[in-house]
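Student: For reference, the structure I am asking about is given below.
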2 protein chains.
Amino acid sequence: MLNHQPTLDGVFRALADPTRRAMVERLSERPAAVSELAAPLEMSLAAVMQHVALLEESGLVRSEKQGRVRTCRIAPDALALAERWIADRRALWVRRLDRLGEILADTDAPARGRKKKRP
Amino acid sequence: MLNHQPTLDGVFRALADPTRRAMVERLSERPAAVSELAAPLEMSLAAVMQHVALLEESGLVRSEKQGRVRTCRIAPDALALAERWIADRRALWVRRLDRLGEILADTDAPARGRKKKRP
DNA sequence: ACATTAGTTAAGTAACTGCTTGACTATCGA
DNA sequence: TCGATAGTCAAGCAGTTACTTAACTAATGT
């Protein structure tokens, strides 16, 4: 139950479910109790609990109980991990396209200069 | 097989598997044939094919066959979709923290002014 | 005190995943 | 032409997921 260090596997897996994404969307605006999360979600409270547990294990959500209500809030580090992975992939991909651009430009006009294309 | 419009469900699901993430990482650098993708991956070619098929359905990868080799390349729109969803959540979350900061500052010194805290 | 509210636990189940193997079909290279 | 290469298709299978219902516990409001 104390598995809060986020992994890419866990975070992407958690986000792959539309119910859990809806919960994350809701919690991005403000914290909420489990039954608030459950209210719009045509499924049993037990099912919602299971989603909350998975979100918590994935590191996307933290929660604490006081009295009989468990309040959930978003824990942004896990989202940041996923976002960074995607951004890194895109950076690589863009770099490759840049190189490709240079190569094509060089083919067009085989000068040795870098980066600037001709007007 | 022509299901290339990316959805959040499909993209996050595809990215939830470490094998498929490895493939996306590989393809972010340059296009590759199916068997190139398979080479480092201790599993049957058929299994790799199934991963490629899922990546393609998710919209993360495109591929085309010439001769007997199918070349896969990354299709960045799907990654962008996922990245944007995450960024939007974070934006909401940050906005909420800003408001919270204002409220706390106001509580500290209940003036009606916006934004600046006292030194 | 007692009913209601909020959550928890456990067990069961239908559908889905991530593989496997085996049989098959096209190229390509010598 | 013939064998190796690259990929495809289909069936099957163990493990996982997303629920369900039912029984239970613990705070709260009246």
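For the structure tokens, the naming scheme is as follows: chains receive sequential letters (A, B, ...) according to their order of presentation, residues are indexed from 1 within each chain, and ligands are indexed from 1 in presentation order.
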Quick one: superpose chain B onto chain A using all C-alpha atoms paired in order, least squares, and give it to me as an mmCIF file with C-alpha atoms, in the first residue's frame.

Tutor:
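Once everything was written out, this is superposed_27.cif:
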data_model
loop_
_atom_site.group_PDB
_atom_site.id
_atom_site.type_symbol
_atom_site.label_atom_id
_atom_site.label_comp_id
_atom_site.auth_asym_id
_atom_site.auth_seq_id
_atom_site.Cartn_x
_atom_site.Cartn_y
_atom_site.Cartn_z
ATOM 1 C CA MET B 1 -0.148 -0.049 -0.134
ATOM 2 C CA LEU B 2 2.935 2.143 0.247
ATOM 3 C CA ASN B 3 3.960 1.928 -3.385
ATOM 4 C CA HIS B 4 3.845 5.623 -4.087
ATOM 5 C CA GLN B 5 7.002 6.019 -6.169
ATOM 6 C CA PRO B 6 5.594 6.584 -9.642
ATOM 7 C CA THR B 7 6.731 4.487 -12.599
ATOM 8 C CA LEU B 8 5.957 5.058 -16.272
ATOM 9 C CA ASP B 9 4.240 1.696 -16.389
ATOM 10 C CA GLY B 10 1.978 2.512 -13.474
ATOM 11 C CA VAL B 11 1.178 6.060 -14.498
ATOM 12 C CA PHE B 12 0.342 5.321 -18.136
ATOM 13 C CA ARG B 13 -1.669 2.298 -17.095
ATOM 14 C CA ALA B 14 -3.650 4.349 -14.618
ATOM 15 C CA LEU B 15 -4.320 7.022 -17.243
ATOM 16 C CA ALA B 16 -5.442 4.485 -19.827
ATOM 17 C CA ASP B 17 -8.846 4.121 -18.172
ATOM 18 C CA PRO B 18 -11.475 6.818 -18.860
ATOM 19 C CA THR B 19 -12.986 6.492 -15.395
ATOM 20 C CA ARG B 20 -9.631 7.127 -13.780
ATOM 21 C CA ARG B 21 -8.873 10.010 -16.134
ATOM 22 C CA ALA B 22 -12.206 11.543 -15.161
ATOM 23 C CA MET B 23 -11.178 11.246 -11.527
ATOM 24 C CA VAL B 24 -7.827 12.875 -12.203
ATOM 25 C CA GLU B 25 -9.602 15.669 -14.094
ATOM 26 C CA ARG B 26 -11.900 16.175 -11.156
ATOM 27 C CA LEU B 27 -9.060 16.162 -8.655
ATOM 28 C CA SER B 28 -7.003 18.585 -10.726
ATOM 29 C CA GLU B 29 -9.570 21.227 -9.827
ATOM 30 C CA ARG B 30 -9.828 20.455 -6.132
ATOM 31 C CA PRO B 31 -9.589 17.585 -3.645
ATOM 32 C CA ALA B 32 -12.640 15.381 -3.184
ATOM 33 C CA ALA B 33 -13.963 12.567 -1.048
ATOM 34 C CA VAL B 34 -14.309 9.089 -2.543
ATOM 35 C CA SER B 35 -18.093 9.369 -2.653
ATOM 36 C CA GLU B 36 -17.878 12.741 -4.398
ATOM 37 C CA LEU B 37 -15.759 11.055 -7.045
ATOM 38 C CA ALA B 38 -18.278 8.216 -7.198
ATOM 39 C CA ALA B 39 -21.371 10.422 -7.537
ATOM 40 C CA PRO B 40 -21.335 11.007 -11.324
ATOM 41 C CA LEU B 41 -19.982 7.573 -12.122
ATOM 42 C CA GLU B 42 -22.640 4.901 -12.674
ATOM 43 C CA MET B 43 -20.837 2.155 -10.800
ATOM 44 C CA SER B 44 -20.649 0.766 -7.306
ATOM 45 C CA LEU B 45 -18.681 2.532 -4.593
ATOM 46 C CA ALA B 46 -16.533 -0.578 -4.284
ATOM 47 C CA ALA B 47 -15.501 -0.229 -7.924
ATOM 48 C CA VAL B 48 -14.630 3.422 -7.378
ATOM 49 C CA MET B 49 -12.542 2.430 -4.379
ATOM 50 C CA GLN B 50 -10.577 0.042 -6.564
ATOM 51 C CA HIS B 51 -9.874 2.831 -9.047
ATOM 52 C CA VAL B 52 -8.777 5.122 -6.238
ATOM 53 C CA ALA B 53 -6.488 2.402 -4.891
ATOM 54 C CA LEU B 54 -4.886 1.975 -8.309
ATOM 55 C CA LEU B 55 -4.487 5.741 -8.740
ATOM 56 C CA GLU B 56 -2.826 5.863 -5.358
ATOM 57 C CA GLU B 57 -0.472 3.001 -6.144
ATOM 58 C CA SER B 58 0.446 4.683 -9.399
ATOM 59 C CA GLY B 59 1.442 7.790 -7.452
ATOM 60 C CA LEU B 60 -1.062 10.031 -9.246
ATOM 61 C CA VAL B 61 -3.222 10.543 -6.158
ATOM 62 C CA ARG B 62 -2.709 10.745 -2.418
ATOM 63 C CA SER B 63 -5.503 10.335 0.090
ATOM 64 C CA GLU B 64 -6.068 10.514 3.792
ATOM 65 C CA LYS B 65 -8.963 9.574 5.954
ATOM 66 C CA GLN B 66 -10.388 11.610 8.756
ATOM 67 C CA GLY B 67 -13.482 10.444 10.468
ATOM 68 C CA ARG B 68 -15.341 8.353 7.975
ATOM 69 C CA VAL B 69 -14.412 10.312 4.856
ATOM 70 C CA ARG B 70 -11.326 9.719 2.754
ATOM 71 C CA THR B 71 -10.203 12.833 0.921
ATOM 72 C CA CYS B 72 -8.241 12.411 -2.297
ATOM 73 C CA ARG B 73 -5.962 14.977 -3.867
ATOM 74 C CA ILE B 74 -3.737 14.925 -6.881
ATOM 75 C CA ALA B 75 0.024 14.304 -6.506
ATOM 76 C CA PRO B 76 1.559 16.054 -9.497
ATOM 77 C CA ASP B 77 4.962 14.335 -9.590
ATOM 78 C CA ALA B 78 3.570 11.273 -11.330
ATOM 79 C CA LEU B 79 1.948 13.375 -14.048
ATOM 80 C CA ALA B 80 5.236 15.232 -14.435
ATOM 81 C CA LEU B 81 7.081 11.946 -14.941
ATOM 82 C CA ALA B 82 4.796 10.949 -17.802
ATOM 83 C CA GLU B 83 4.886 14.411 -19.336
ATOM 84 C CA ARG B 84 8.666 14.468 -19.261
ATOM 85 C CA TRP B 85 8.928 11.079 -20.962
ATOM 86 C CA ILE B 86 6.695 12.260 -23.782
ATOM 87 C CA ALA B 87 8.533 15.570 -24.100
ATOM 88 C CA ASP B 88 11.861 13.740 -24.294
ATOM 89 C CA ARG B 89 10.597 11.540 -27.131
ATOM 90 C CA ARG B 90 9.373 14.572 -28.995
ATOM 91 C CA ALA B 91 12.679 16.317 -28.497
ATOM 92 C CA LEU B 92 14.497 13.396 -30.092
ATOM 93 C CA TRP B 93 12.051 13.259 -32.922
ATOM 94 C CA VAL B 94 12.324 16.987 -33.600
ATOM 95 C CA ARG B 95 16.122 16.795 -33.554
ATOM 96 C CA ARG B 96 15.985 14.066 -36.151
ATOM 97 C CA LEU B 97 13.714 16.151 -38.368
ATOM 98 C CA ASP B 98 16.150 19.038 -38.039
ATOM 99 C CA ARG B 99 19.023 16.847 -39.171
ATOM 100 C CA LEU B 100 16.897 15.571 -42.000
ATOM 101 C CA GLY B 101 16.184 19.161 -43.009
ATOM 102 C CA GLU B 102 19.905 19.870 -43.105
ATOM 103 C CA ILE B 103 20.566 16.816 -45.201
ATOM 104 C CA LEU B 104 17.860 17.728 -47.670
ATOM 105 C CA ALA B 105 19.139 21.266 -47.846
ATOM 106 C CA ASP B 106 22.648 19.935 -48.428
ATOM 107 C CA THR B 107 21.401 17.651 -51.159
ATOM 108 C CA ASP B 108 19.686 20.593 -52.748
ATOM 109 C CA ALA B 109 22.914 22.609 -52.599
ATOM 110 C CA PRO B 110 25.816 20.498 -51.397
ATOM 111 C CA ALA B 111 27.659 23.243 -49.513
ATOM 112 C CA ARG B 112 29.124 22.398 -46.127
ATOM 113 C CA GLY B 113 27.460 25.284 -44.243
ATOM 114 C CA ARG B 114 25.021 24.553 -41.430
ATOM 115 C CA LYS B 115 21.413 25.394 -40.858
ATOM 116 C CA LYS B 116 20.319 28.150 -43.240
ATOM 117 C CA LYS B 117 18.366 27.216 -46.310
ATOM 118 C CA ARG B 118 18.364 29.362 -49.402
ATOM 119 C CA PRO B 119 15.590 31.900 -50.076
#

Student: Pick out each residue of stretch 9-102 of chain A that DSSP on the backbone tags as strand (DSSP E); I need them as an MDAnalysis selection string.

Tutor: chainID A and resid 32:33 61:66 69:74

Student: For the selection you just gave me, I'd like the residues written to a file as a short mmCIF file (atom, residue, chain, number, x, y, z; two decimals), in the first residue's frame, keeping C-alpha atoms.

Tutor:
data_model
loop_
_atom_site.label_atom_id
_atom_site.label_comp_id
_atom_site.auth_asym_id
_atom_site.auth_seq_id
_atom_site.Cartn_x
_atom_site.Cartn_y
_atom_site.Cartn_z
CA ALA A 32 -12.62 15.48 -3.32
CA ALA A 33 -13.93 12.69 -1.15
CA VAL A 61 -3.18 10.60 -6.23
CA ARG A 62 -2.68 10.87 -2.50
CA SER A 63 -5.46 10.52 0.04
CA GLU A 64 -6.01 10.76 3.74
CA LYS A 65 -8.90 9.86 5.91
CA GLN A 66 -10.32 11.94 8.68
CA VAL A 69 -14.36 10.56 4.82
CA ARG A 70 -11.27 9.95 2.72
CA THR A 71 -10.18 13.02 0.83
CA CYS A 72 -8.21 12.54 -2.39
CA ARG A 73 -5.95 15.07 -4.00
CA ILE A 74 -3.70 14.97 -7.03
#

Student: Using only C-alpha atoms (C1' of nucleotides), tabulate the residues of chain C lying at most 12 Å from any atom of chain B, each with its closest atom pair and that distance in Å to one decimal, by chain and increasing residue number, as a tab-separated table.

Tutor:
residue	atom	partner	partner_atom	distance
C:DT17	C1'	B:Asp17	CA	10.5
C:DG18	C1'	B:Ala47	CA	7.8
C:DC19	C1'	B:Ala47	CA	6.6
C:DT20	C1'	B:Ser44	CA	8.2
C:DT21	C1'	B:Ser44	CA	9.9
C:DG22	C1'	B:Ala46	CA	11.5
C:DT25	C1'	B:Arg68	CA	10.6
C:DA26	C1'	B:Arg68	CA	7.2
C:DT27	C1'	B:Arg68	CA	5.3
C:DC28	C1'	B:Arg68	CA	8.5

Student: Excluding C:DC2 and residues on its chain fewer than 6 positions from it, collect all residues at most 12 Å away from it, counting only C-alpha atoms (C1' of nucleotides), and give them as a list of chain:residue names.

Tutor: D:DT28, D:DG29, D:DT30

Student: Apply DSSP to the structure's backbone, then extract all residues of stretch 5-96 of chain A labelled alpha helix (DSSP H) and return them as a PyMOL selection string.

Tutor: chain A and resi 8-15+18-29+34-38+45-58+76-96

Student: Generate the output file for the selected residues, C-alpha atoms, as a PDB file, in the first residue's frame.

Tutor:
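Result written to out-v9.pdb:
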ATOM      1  CA  LEU A   8       5.980   4.992 -16.286  1.00  0.00           C
ATOM      2  CA  ASP A   9       4.277   1.616 -16.358  1.00  0.00           C
ATOM      3  CA  GLY A  10       2.028   2.466 -13.447  1.00  0.00           C
ATOM      4  CA  VAL A  11       1.205   6.001 -14.520  1.00  0.00           C
ATOM      5  CA  PHE A  12       0.372   5.220 -18.140  1.00  0.00           C
ATOM      6  CA  ARG A  13      -1.605   2.184 -17.057  1.00  0.00           C
ATOM      7  CA  ALA A  14      -3.607   4.270 -14.604  1.00  0.00           C
ATOM      8  CA  LEU A  15      -4.296   6.905 -17.257  1.00  0.00           C
ATOM      9  CA  PRO A  18     -11.434   6.661 -18.861  1.00  0.00           C
ATOM     10  CA  THR A  19     -12.951   6.389 -15.385  1.00  0.00           C
ATOM     11  CA  ARG A  20      -9.589   7.053 -13.786  1.00  0.00           C
ATOM     12  CA  ARG A  21      -8.863   9.898 -16.182  1.00  0.00           C
ATOM     13  CA  ALA A  22     -12.195  11.436 -15.236  1.00  0.00           C
ATOM     14  CA  MET A  23     -11.153  11.186 -11.594  1.00  0.00           C
ATOM     15  CA  VAL A  24      -7.810  12.839 -12.308  1.00  0.00           C
ATOM     16  CA  GLU A  25      -9.594  15.585 -14.225  1.00  0.00           C
ATOM     17  CA  ARG A  26     -11.893  16.140 -11.292  1.00  0.00           C
ATOM     18  CA  LEU A  27      -9.035  16.169  -8.804  1.00  0.00           C
ATOM     19  CA  SER A  28      -6.996  18.557 -10.921  1.00  0.00           C
ATOM     20  CA  GLU A  29      -9.554  21.219 -10.069  1.00  0.00           C
ATOM     21  CA  VAL A  34     -14.273   9.182  -2.575  1.00  0.00           C
ATOM     22  CA  SER A  35     -18.051   9.445  -2.701  1.00  0.00           C
ATOM     23  CA  GLU A  36     -17.848  12.778  -4.515  1.00  0.00           C
ATOM     24  CA  LEU A  37     -15.722  11.061  -7.115  1.00  0.00           C
ATOM     25  CA  ALA A  38     -18.219   8.209  -7.249  1.00  0.00           C
ATOM     26  CA  LEU A  45     -18.643   2.556  -4.554  1.00  0.00           C
ATOM     27  CA  ALA A  46     -16.497  -0.550  -4.184  1.00  0.00           C
ATOM     28  CA  ALA A  47     -15.461  -0.237  -7.831  1.00  0.00           C
ATOM     29  CA  VAL A  48     -14.588   3.419  -7.333  1.00  0.00           C
ATOM     30  CA  MET A  49     -12.504   2.482  -4.315  1.00  0.00           C
ATOM     31  CA  GLN A  50     -10.532   0.075  -6.444  1.00  0.00           C
ATOM     32  CA  HIS A  51      -9.826   2.822  -8.975  1.00  0.00           C
ATOM     33  CA  VAL A  52      -8.747   5.158  -6.202  1.00  0.00           C
ATOM     34  CA  ALA A  53      -6.431   2.469  -4.827  1.00  0.00           C
ATOM     35  CA  LEU A  54      -4.845   1.995  -8.235  1.00  0.00           C
ATOM     36  CA  LEU A  55      -4.448   5.749  -8.723  1.00  0.00           C
ATOM     37  CA  GLU A  56      -2.791   5.933  -5.343  1.00  0.00           C
ATOM     38  CA  GLU A  57      -0.415   3.070  -6.095  1.00  0.00           C
ATOM     39  CA  SER A  58       0.485   4.705  -9.382  1.00  0.00           C
ATOM     40  CA  PRO A  76       1.585  16.072  -9.650  1.00  0.00           C
ATOM     41  CA  ASP A  77       4.981  14.352  -9.726  1.00  0.00           C
ATOM     42  CA  ALA A  78       3.584  11.261 -11.431  1.00  0.00           C
ATOM     43  CA  LEU A  79       1.969  13.324 -14.161  1.00  0.00           C
ATOM     44  CA  ALA A  80       5.245  15.177 -14.588  1.00  0.00           C
ATOM     45  CA  LEU A  81       7.095  11.889 -15.063  1.00  0.00           C
ATOM     46  CA  ALA A  82       4.801  10.853 -17.903  1.00  0.00           C
ATOM     47  CA  GLU A  83       4.878  14.289 -19.469  1.00  0.00           C
ATOM     48  CA  ARG A  84       8.662  14.359 -19.416  1.00  0.00           C
ATOM     49  CA  TRP A  85       8.927  10.949 -21.081  1.00  0.00           C
ATOM     50  CA  ILE A  86       6.681  12.088 -23.903  1.00  0.00           C
ATOM     51  CA  ALA A  87       8.493  15.391 -24.271  1.00  0.00           C
ATOM     52  CA  ASP A  88      11.824  13.575 -24.456  1.00  0.00           C
ATOM     53  CA  ARG A  89      10.547  11.327 -27.257  1.00  0.00           C
ATOM     54  CA  ARG A  90       9.298  14.324 -29.143  1.00  0.00           C
ATOM     55  CA  ALA A  91      12.584  16.106 -28.702  1.00  0.00           C
ATOM     56  CA  LEU A  92      14.433  13.174 -30.255  1.00  0.00           C
ATOM     57  CA  TRP A  93      11.972  12.996 -33.082  1.00  0.00           C
ATOM     58  CA  VAL A  94      12.222  16.706 -33.794  1.00  0.00           C
ATOM     59  CA  ARG A  95      16.019  16.551 -33.744  1.00  0.00           C
ATOM     60  CA  ARG A  96      15.883  13.793 -36.315  1.00  0.00           C
TER      61      ARG A  96
END

Student: Kindly provide the residues of chain D that approach chain A to within 12 Å, each paired with its closest atom pair and their distance in Å to one decimal, based on only C-alpha atoms (C1' of nucleotides), listed by chain and increasing number, as a tab-separated table.

Tutor:
residue	atom	partner	partner_atom	distance
D:DT17	C1'	A:Asp17	CA	10.5
D:DA18	C1'	A:Ala47	CA	7.8
D:DC19	C1'	A:Ala47	CA	6.5
D:DT20	C1'	A:Ser44	CA	8.2
D:DT21	C1'	A:Ser44	CA	9.8
D:DA22	C1'	A:Ala46	CA	11.5
D:DT25	C1'	A:Arg68	CA	10.5
D:DA26	C1'	A:Arg68	CA	7.1
D:DA27	C1'	A:Arg68	CA	5.3
D:DT28	C1'	A:Arg68	CA	8.7
